[in-house]
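Enquirer: Shown below is the structure under consideration.
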Amino acid sequence: MTTSTALARSAYKTFEPFHVTAYFNPELGAAYEDTGLDGHAWYVGARAAPMGPCAPSVVAAAFYNFNPVLIERAWPAAVAVGLDSVSDRRWTLLDSVLGTALGSLAADPGLATLADRLRVIGDAASFAGRPLAAAWHSAEHPDVPHLALWHSITVLREWRGDGHLAALIDAELDPTEAAVFHEADRTTPQPGRRALGKRITQLTRQWSESEWGSAAERLATRGLLTTSADGETLTEDGLALDRHIEDRTDVMASAVWRDVEDADQLITSARPYVKAVIDAGFPPGTKKAS
């Protein structure tokens with residue numbers, strides 16, 4: 001890895017728990033009730049709201065490994081409630097959850113400084129070919145420091161994610177195949193890779209057992225995985241493709257860090273805030289930071 005690609009990987013690994021707090025926290029049930037949306041419609045609405053009331057197919061393209069049938073149902077429900085209302089409720093939720101997790105750190109001057117520095121880095125990025133990141137970049141930036149940090153991280157996170165989709169397309173993995181490929185067992189886990197598991201992925205992305213099995217068969221035909229009663233496992237060719245996808249994602253994510261002289265220091269400075277979120281149990285299943 002070059003310095004900038006290593007920084008891109010480090011930034012992703014460091015920032016991701018802070019970002020996903022929006023979608024894994026104990027206050028989601030209240031948000032569902034307040035908006036009248038189920039879990040799928042809330043997630044799709046809260047994440048894609050900055051894209052505006054576009055066609056469901058546009059959101060499905062941006063989300064990639066979600067079943068378009070799910071988006072066709074969930075997105076119109078969120079639009080009907082009002083995307084501004086969904087966004088406002090998301091900010092209220094984040095204010096509460098992050099404020100509680102951070103405790104006294106919420107008043108740390110370094111938090112606002114970090115949010116501002118990451119915002120500047122995001123402002124300097126090119127958003128060509130990165131629609132979801134462009135939408136988040138155009139969204140109003142909050143003034144509250146911990147919300148400002150979440151927004152700055154989210155712009156960079158979705159910027160990386162848009163590049164990751166390009167890597168999946170280049171690898172000729174369709175949306176269902178991408179989900180199966182990501183959750184297949186690996187003999188050597190990819191550093192920084194966050195698997196949800198087949199059951200959760202099927203539930204959240206809404207791929208049926210038949211659709212999942214068909215995708216697994218196509219991948220097996222390409223020699224990328226083997227299937228058994230215990231599930232799917234990547235072959236050597238599959239592991240090589242996995243490394244290639246992750247490496248290409250890091251390379252495409254490296255541009256924003258290339259000329260940031262204090263990038264490593266910035267990433268390191270985020271760790272106390274991320275640690276507080278992890279120690280609070282967000283997202284579930286993460287270990288407390290040491």
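In the structure tokens, chains take letters A, B, ... by order of appearance, with residues numbered from 1 within each chain and ligands from 1 in the order shown.
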So which bits of segment 44-129 of chain A end up helix (DSSP H, G or I) when you DSSP the backbone, as a ChimeraX atom specification?
Expert: /A:44-51,56-63,68-81,83-107,109-123
Enquirer: Please identify all polymer residues within 8 Å of Val79 of chain A, counting only C-alpha atoms, omitting same-chain residues fewer than 3 positions from it, and present them as number ranges by chain.
Expert: A: 45, 53, 75-76, 82-83
Enquirer: Per DSSP on the backbone, what are the strand (DSSP E) residues of segment 111-255 of chain A, as a PyMOL selection string?
Expert: chain A and resi 225-228+231-234
Enquirer: Now that the selection is made, can you save its residues with N, CA and C atoms as a short mmCIF file (atom, residue, chain, number, x, y, z; two decimals), in the first residue's frame?
Expert:
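Result saved to out.cif:
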```cif
data_model
loop_
_atom_site.label_atom_id
_atom_site.label_comp_id
_atom_site.auth_asym_id
_atom_site.auth_seq_id
_atom_site.Cartn_x
_atom_site.Cartn_y
_atom_site.Cartn_z
N LEU A 225 -16.43 -19.37 -5.43
CA LEU A 225 -16.77 -19.93 -4.12
C LEU A 225 -17.26 -21.36 -4.26
N THR A 226 -17.28 -22.04 -3.15
CA THR A 226 -17.87 -23.38 -3.08
C THR A 226 -19.06 -23.31 -2.14
N THR A 227 -20.02 -24.17 -2.38
CA THR A 227 -21.22 -24.20 -1.53
C THR A 227 -21.34 -25.56 -0.85
N SER A 228 -21.89 -25.54 0.35
CA SER A 228 -22.13 -26.77 1.10
C SER A 228 -23.30 -26.53 2.03
N GLY A 231 -22.90 -23.49 4.13
CA GLY A 231 -22.88 -22.15 3.53
C GLY A 231 -21.88 -22.04 2.40
N GLU A 232 -21.43 -20.82 2.15
CA GLU A 232 -20.53 -20.54 1.04
C GLU A 232 -19.14 -20.19 1.55
N THR A 233 -18.12 -20.63 0.82
CA THR A 233 -16.73 -20.33 1.16
C THR A 233 -15.99 -19.89 -0.08
N LEU A 234 -15.24 -18.82 0.02
CA LEU A 234 -14.48 -18.34 -1.13
C LEU A 234 -13.35 -19.31 -1.47
#
```
Enquirer: Just the number, please: distance in Å from atom CA of Leu105 of chain A to atom CA of Trp159 of chain A, one decimal.
Expert: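 That distance, rounded to one decimal, is 26.9 Å.
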Enquirer: Which is closest to Thr92 of chain A among A:Ala55, A:Ala30, A:Ala133, A:Ala78, if we use only C-alpha atoms?
Expert: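 The shortest atom-to-atom distance to Thr92 of chain A comes from A:Ala30.
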Enquirer: Find the residues near Trp42 of chain A: any atom within 10 Å, counting only C-alpha atoms, skip ones fewer than 3 places away on the same chain, and give them as a PyMOL selection string.
Expert: chain A and resi 23+28+31-32+35-39+45-48+74-75+77-78+86+90
Enquirer: Which one of A:Gln265, A:Ser126, A:Thr176, A:Thr201 sits closest to Tyr64 of chain A if you count only C-alpha atoms?
Expert: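 Smallest distance to Tyr64 of chain A is found for A:Thr176.
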Enquirer: Calculated over only C-alpha atoms, which of the candidates A:Asp185, A:Asp34, A:Asp123, A:Asp88 has the smallest distance to Val155 of chain A?
Expert: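 Smallest distance to Val155 of chain A is found for A:Asp123.
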Enquirer: Could you tell me which of A:Trp207, A:Leu111, A:Ala280, A:Arg243 comes closest to Val69 of chain A if we count only C-alpha atoms?
Expert: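 Of A:Trp207, A:Leu111, A:Ala280, A:Arg243, the one nearest Val69 of chain A, counting only C-alpha atoms, is A:Trp207.
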Enquirer: Considering only C-alpha atoms, return as a PyMOL selection string whatever protein or nucleic-acid residues lie within 12 Å of Thr235 of chain A, sequence-local ones (same chain, fewer than 5 positions apart) excluded.
Expert: chain A and resi 181+184-188+219-227+240-242
Enquirer: List the spatial neighbours of Ile267 of chain A as an MDAnalysis selection string - criterion: any atom at most 12 Å away, only C-alpha atoms, same-chain residues fewer than 2 positions off excluded.
Expert: chainID A and resid 6:16 111 114:115 117:118 153 257 260:265 269:274
Enquirer: Just give me the gap between atom CA of Thr249 of chain A and atom CA of Gly163 of chain A in Å, one decimal is fine.
Expert: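 It comes out at 6.0 Å.
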Enquirer: Measure the distance from atom CA of Ala22 of chain A to atom CA of Asp279 of chain A in Å and round it to one decimal.
Expert: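 So the answer is 15.6 Å.
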Enquirer: Between A:Ile71, A:Arg89, A:Val20, A:Pro142, which has the minimum distance to Cys54 of chain A (counting only C-alpha atoms)?
Expert: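 The answer is A:Ile71, which sits nearest to Cys54 of chain A.
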Enquirer: For Arg160 of chain A, which residue out of A:His40, A:Ala61, A:Gly281, A:Gly129 is the nearest one, using only C-alpha atoms?
Expert: A:Gly129
